[in-house]
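Peer 1: Submitted below is the structure of interest, expressed as structure tokens.
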Amino acid sequence: MPDTFGRSLKGAGEKVQVEFVSANPTGPLHVGHGRGAAIGDCLSRLLEATGYDVTSEFYYNDAGAQIDNLMHSVKARVHGLTPEDAEWPADGYRGDYIADVAKAYLAG
């Protein structure tokens, strides 16, 4: 009985996909990312406990132009440029965190 307490077969094996978090790796994490992870995980577990066939994915975007733009932004900071400089990458990120990433990179 303890293994089945609170469970049901309401979902009847229907397939459900829950994608959650989707944190952008090119910017700082914030409390909303943690909240999204907790809610997504709880929702996935609740659906599973009620009979659904759940596929859950903790998603983050780590490919494509975002990573290239991050790399070009950090590289520009490493070379002493700021977002106000004419040579700053056109699609470069302008947040203060880019300077922090560049400092960390230079520190090894």
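Residue numbering restarts at 1 for every chain of the structure tokens, chains are lettered A, B, ... in their displayed order, and ligands are numbered from 1 as they appear.
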For range 89-96 of chain A, please output as a count of residues only all residues within 7 Å (counting only C-alpha atoms; exclusion window: fewer than 6 positions along the same chain).
Peer 2: 5
Peer 1: Could you work out how far CA of Asp68 in chain A lies from CA of Ile98 in chain A, giving the answer in Å with one decimal?
Peer 2: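 Computing the Euclidean distance for CA of Ile98 in chain A and CA of Asp68 in chain A yields 13.4 Å.
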Peer 1: Residues of range 12-95 of chain A classed as helix (DSSP H, G or I) by DSSP on the backbone are to be reported as a PDB file with C-alpha atoms, in the first residue's frame.
Peer 2:
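What ended up in result_27.pdb:
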```pdb
ATOM      1  CA  VAL A  31      16.044  32.610  -8.988  1.00  0.00           C
ATOM      2  CA  GLY A  32      13.508  32.085 -11.771  1.00  0.00           C
ATOM      3  CA  HIS A  33      15.669  29.325 -13.256  1.00  0.00           C
ATOM      4  CA  GLY A  34      15.656  27.495  -9.914  1.00  0.00           C
ATOM      5  CA  ARG A  35      11.913  27.991  -9.578  1.00  0.00           C
ATOM      6  CA  GLY A  36      11.356  26.611 -13.086  1.00  0.00           C
ATOM      7  CA  ALA A  37      13.472  23.558 -12.289  1.00  0.00           C
ATOM      8  CA  ALA A  38      11.527  22.808  -9.110  1.00  0.00           C
ATOM      9  CA  ILE A  39       8.113  23.312 -10.732  1.00  0.00           C
ATOM     10  CA  GLY A  40       9.019  21.292 -13.822  1.00  0.00           C
ATOM     11  CA  ASP A  41      10.341  18.408 -11.762  1.00  0.00           C
ATOM     12  CA  CYS A  42       7.277  18.414  -9.468  1.00  0.00           C
ATOM     13  CA  LEU A  43       4.885  18.564 -12.411  1.00  0.00           C
ATOM     14  CA  SER A  44       6.647  15.651 -14.116  1.00  0.00           C
ATOM     15  CA  ARG A  45       6.471  13.551 -10.944  1.00  0.00           C
ATOM     16  CA  LEU A  46       2.811  14.403 -10.362  1.00  0.00           C
ATOM     17  CA  LEU A  47       1.862  13.429 -13.909  1.00  0.00           C
ATOM     18  CA  GLU A  48       3.795  10.175 -13.585  1.00  0.00           C
ATOM     19  CA  ALA A  49       2.079   9.398 -10.263  1.00  0.00           C
ATOM     20  CA  ALA A  65      24.371  31.947 -32.511  1.00  0.00           C
ATOM     21  CA  GLN A  66      23.945  32.565 -28.765  1.00  0.00           C
ATOM     22  CA  ILE A  67      27.163  30.748 -27.896  1.00  0.00           C
ATOM     23  CA  ASP A  68      29.008  32.395 -30.799  1.00  0.00           C
ATOM     24  CA  ASN A  69      27.818  35.828 -29.638  1.00  0.00           C
ATOM     25  CA  LEU A  70      28.893  35.031 -26.075  1.00  0.00           C
ATOM     26  CA  MET A  71      32.340  33.954 -27.287  1.00  0.00           C
ATOM     27  CA  HIS A  72      32.789  37.092 -29.407  1.00  0.00           C
ATOM     28  CA  SER A  73      31.649  39.285 -26.489  1.00  0.00           C
ATOM     29  CA  VAL A  74      34.057  37.688 -24.019  1.00  0.00           C
ATOM     30  CA  LYS A  75      36.880  37.822 -26.570  1.00  0.00           C
ATOM     31  CA  ALA A  76      36.230  41.532 -27.095  1.00  0.00           C
ATOM     32  CA  ARG A  77      36.366  42.146 -23.313  1.00  0.00           C
ATOM     33  CA  VAL A  78      39.589  40.143 -23.060  1.00  0.00           C
TER      34      VAL A  78
END
```
Peer 1: CA of Ala99 in chain A and CA of Thr82 in chain A are how many Å apart?
Peer 2: 8.6 Å
Peer 1: Which residues are near range 6-9 of chain A? Cut-off 7 Å, only C-alpha atoms, ignore same chain within fewer than 3 positions. Put them as a ChimeraX atom specification.
Peer 2: /A:12,49-51
Peer 1: Those residues with N, CA and C atoms, as a PDB file, in the first residue's frame please?
Peer 2:
```
ATOM      1  N   ALA A  12      -3.878   6.950 -17.815  1.00  0.00           N
ATOM      2  CA  ALA A  12      -4.041   5.788 -18.706  1.00  0.00           C
ATOM      3  C   ALA A  12      -2.877   5.605 -19.679  1.00  0.00           C
ATOM      4  N   ALA A  49       2.814  10.037 -11.361  1.00  0.00           N
ATOM      5  CA  ALA A  49       2.079   9.398 -10.263  1.00  0.00           C
ATOM      6  C   ALA A  49       0.600   9.218 -10.588  1.00  0.00           C
ATOM      7  N   THR A  50       0.115   9.960 -11.573  1.00  0.00           N
ATOM      8  CA  THR A  50      -1.301   9.834 -11.938  1.00  0.00           C
ATOM      9  C   THR A  50      -1.480   9.083 -13.252  1.00  0.00           C
ATOM     10  N   GLY A  51      -0.478   8.275 -13.595  1.00  0.00           N
ATOM     11  CA  GLY A  51      -0.640   7.332 -14.692  1.00  0.00           C
ATOM     12  C   GLY A  51      -0.188   7.757 -16.067  1.00  0.00           C
TER      13      GLY A  51
END
```
